[in-house]
Amino acid sequence: MAVIENRGPLQWRALVRKKGYPAYSRTFERQRDAQAWATDVEAAIGRRDLADIRRLTDKGDAALRTVGDLVDKFLKDVVEKPGRRAGQVATEKPRLARIREALGKLTLDMLSPQDVASWRDKRLKEAAAQTVRHDMNQLSVVLNTAISEWGVQTVNIVRDVKKPSLPAGRDRRVSKEEIEALLSEADFVPARGGRPVGRGMKPIIELAVETSMRLGELLNLEWRLIDLERRIAHLPKTKNGESRTVALSTKAVATLMAMKETPRDDGKVFDWARSDSFVGRFGGLVERARTRYEAKCELDDVKPDPAFLRGLRFHDLRHEATSRLFEKGLNPMEVASMTGHKSMQMLKRYTHVEASKVAAKLG
């Protein structure tokens with residue numbers, strides 16, 4: 001609704017307010033000019049004519065005219081801002097690059113839900129649904145920031161575009177036998193002698209199952225943040241951006257105490273600097289354990305279980321650990337304090353308690 005008020009001789013101020021848009025105002029010498037301008041602005045808002053709104057109000061940074069302009073400013077002012085977590089920067093930069101490549105040349109008044117939908121469909125041929133959702137969410141964050149922080153007159157059209165449905169969450173439980181096979185393979189020493197082929201793998205597998213920590217959290221563990229007497233480990237950097245303190249089981253403490261006998265010079269618990277360097281090693285360990293399992297089955301003249309160790313990822317150990325915490329009787333809040341999940345819905349995706357164990361509790 002427009003308000004016209006006299007602010008003094010030859011000063012008529014027009015003010016237009018509309019829900020979902022910033023307030024627009026301008027001062028004129030004549031009342032009728034103020035009224036005409038306010039009417040034009042209201043009509044442009046009603047049409048959602050962003051180019052006309054910009055022309056009439058001259059609001060926001062005039063240099064931000066294309067999606068590429070917004071992406072560049074977001075990269076400079078937000079992503080590359082000092083203090084931004086390195087992991088967050090590493091994931092945001094590729095997403096922003098994809099947005100710029102696909103939509104960067106479009107002006108903001110040209111960008112339509114159809115453009116975003118077309119980009120979504122193309123991305124679904126290249127990547128998983130979850131990745132495409134992350135890309136769309138990134139574009140939504142850029143547009144929201146432009147509107148709320150930079151005064152850019154546009155709308156977040158991503159909200160009008162359907163996001164791809166996610167497949168059913170993984171419900172892979174890791175059996176006791178599979179974990180034993182992995183630990184045994186990590187300890188295996190070739191006949192020619194030397195060090196175990198899975199050197200350093202056994203303790204990280206044990207801690208993953210005992211603590212439900214993510215791989216990145218385990219690789220960032222530092223001795224100075226571990227109190228073995230109080231049986232806790234503090235994690236200052238986690239995936240959700242918040243720190244947390246994890247309780248350590250008796251077995252986890254024993255594993256860490258054994259490692260502490262030969263500490264690293266840099267104060268870190270594990271050797272690997274990056275998750276991707278570890279993932280390759282873990283994949284190799286799984287394959288070798290499967291091969292050894294098949295050889296034993298052949299020797300024992302039994303048919304191998306086709307699912308044993310197949311498709312196993314390191315993250316499945318966290319999944320298994322979370323389920324075990326529930327089976328030990330911890331309540332949802334206690335489990336969340338261990339895993340770092342912020343909601344029961346998020347926690348539920350990783351929790352698959354064996355029905356037989358629930359039945360035993362029922363009596």
# chains A, B, ... in the order shown; residues from 1 in each chain; ligands from 1
>>> residues_around(residues="Val174 of chain A", least_positions_apart="3", cutoff="12 Å", atoms="only C-alpha atoms", output="NGL selection string")
:A and (170-171 or 177-182 or 205 or 208-209 or 307-324 or 352-354)
>>> select_by_dssp(residues="segment 94-328 of chain A", states="strand (DSSP E)", output="list of chain:residue names")
A:Ile226, A:Asp227, A:Ile232, A:Ala233, A:His234, A:Leu235, A:Arg244, A:Thr245, A:Val246, A:Ala247
>>> write_last_selection(atoms="N, CA and C atoms", output="mmCIF file, in the first residue's frame")
data_model
loop_
_atom_site.group_PDB
_atom_site.id
_atom_site.type_symbol
_atom_site.label_atom_id
_atom_site.label_comp_id
_atom_site.auth_asym_id
_atom_site.auth_seq_id
_atom_site.Cartn_x
_atom_site.Cartn_y
_atom_site.Cartn_z
ATOM 1 N N ILE A 226 41.795 -35.314 23.811
ATOM 2 C CA ILE A 226 41.297 -36.604 24.305
ATOM 3 C C ILE A 226 41.683 -36.755 25.774
ATOM 4 N N ASP A 227 40.707 -37.059 26.617
ATOM 5 C CA ASP A 227 40.948 -37.285 28.043
ATOM 6 C C ASP A 227 40.592 -38.742 28.333
ATOM 7 N N ILE A 232 36.563 -39.226 27.342
ATOM 8 C CA ILE A 232 35.893 -38.335 26.411
ATOM 9 C C ILE A 232 36.878 -37.846 25.342
ATOM 10 N N ALA A 233 36.328 -37.494 24.185
ATOM 11 C CA ALA A 233 37.123 -36.905 23.098
ATOM 12 C C ALA A 233 36.353 -35.704 22.577
ATOM 13 N N HIS A 234 37.004 -34.553 22.525
ATOM 14 C CA HIS A 234 36.346 -33.330 22.068
ATOM 15 C C HIS A 234 36.600 -33.140 20.575
ATOM 16 N N LEU A 235 35.540 -32.815 19.830
ATOM 17 C CA LEU A 235 35.628 -32.585 18.390
ATOM 18 C C LEU A 235 35.289 -31.122 18.113
ATOM 19 N N ARG A 244 31.415 -30.912 19.484
ATOM 20 C CA ARG A 244 30.737 -31.816 20.415
ATOM 21 C C ARG A 244 31.789 -32.664 21.129
ATOM 22 N N THR A 245 31.386 -33.237 22.225
ATOM 23 C CA THR A 245 32.264 -34.105 22.999
ATOM 24 C C THR A 245 31.676 -35.501 23.009
ATOM 25 N N VAL A 246 32.484 -36.474 22.619
ATOM 26 C CA VAL A 246 32.025 -37.854 22.470
ATOM 27 C C VAL A 246 32.510 -38.699 23.641
ATOM 28 N N ALA A 247 31.591 -39.496 24.184
ATOM 29 C CA ALA A 247 31.960 -40.438 25.245
ATOM 30 C C ALA A 247 32.689 -41.630 24.631
#
>>> residues_around(residues="segment 261-263 of chain A", least_positions_apart="6", cutoff="10 Å", atoms="only C-alpha atoms", output="ChimeraX atom specification")
/A:223,269-270
>>> write_last_selection(atoms="N, CA and C atoms", output="CSV table (one decimal), in the first residue's frame")
chain,number,residue,atom,x,y,z
A,223,TRP,N,45.5,-35.7,20.1
A,223,TRP,CA,45.7,-36.2,21.5
A,223,TRP,C,45.3,-35.2,22.5
A,269,VAL,N,46.1,-38.2,15.9
A,269,VAL,CA,46.0,-39.6,16.3
A,269,VAL,C,46.3,-40.4,15.0
A,270,PHE,N,45.8,-40.0,13.9
A,270,PHE,CA,45.9,-40.9,12.7
A,270,PHE,C,46.8,-40.2,11.6
>>> residues_around(residues="Asp49 of chain A", least_positions_apart="3", cutoff="12 Å", atoms="only C-alpha atoms", output="number ranges by chain")
A: 40-46, 52-56, 108-111, 153-155
>>> write_last_selection(atoms="C-alpha atoms", output="short mmCIF file (atom, residue, chain, number, x, y, z; two decimals), in the first residue's frame")
data_model
loop_
_atom_site.label_atom_id
_atom_site.label_comp_id
_atom_site.auth_asym_id
_atom_site.auth_seq_id
_atom_site.Cartn_x
_atom_site.Cartn_y
_atom_site.Cartn_z
CA ASP A 40 3.64 2.45 -11.14
CA VAL A 41 5.73 0.71 -8.48
CA GLU A 42 2.70 -1.10 -7.05
CA ALA A 43 1.71 -2.23 -10.55
CA ALA A 44 5.23 -3.51 -11.26
CA ILE A 45 5.25 -5.43 -7.98
CA GLY A 46 1.84 -6.89 -8.83
CA ASP A 52 10.55 -2.48 -14.09
CA ILE A 53 10.85 -2.44 -10.30
CA ARG A 54 14.59 -1.89 -10.64
CA ARG A 55 14.03 0.85 -13.23
CA LEU A 56 11.51 2.67 -11.05
CA LEU A 108 18.03 -11.78 -13.02
CA ASP A 109 14.85 -10.63 -14.76
CA MET A 110 15.32 -13.40 -17.35
CA LEU A 111 15.93 -16.22 -14.86
CA GLN A 153 15.45 -6.65 -6.42
CA THR A 154 14.78 -10.23 -7.41
CA VAL A 155 12.86 -13.22 -6.10
#
>>> residues_around(residues="Leu103 of chain A", least_positions_apart="6", cutoff="12 Å", atoms="only C-alpha atoms", output="list in words")
Thr66, Val67, Gly68, Asp69, Leu70, Val71, Leu96, Ala97, Met110, Leu111, Ser112, Pro113, Gln114, Asp115, Val116, Ala117, Ser118, Trp119, Arg120, Met136 and Leu139 of chain A
>>> atom_distance(atom1="atom CA of Glu206 of chain A", atom2="atom CA of Ser175 of chain A")
13.5 Å
>>> closest_residue(among="A:Ala34, A:Ile99, A:Leu143, A:Val79", to="Gln11 of chain A", atoms="only C-alpha atoms")
A:Ala34
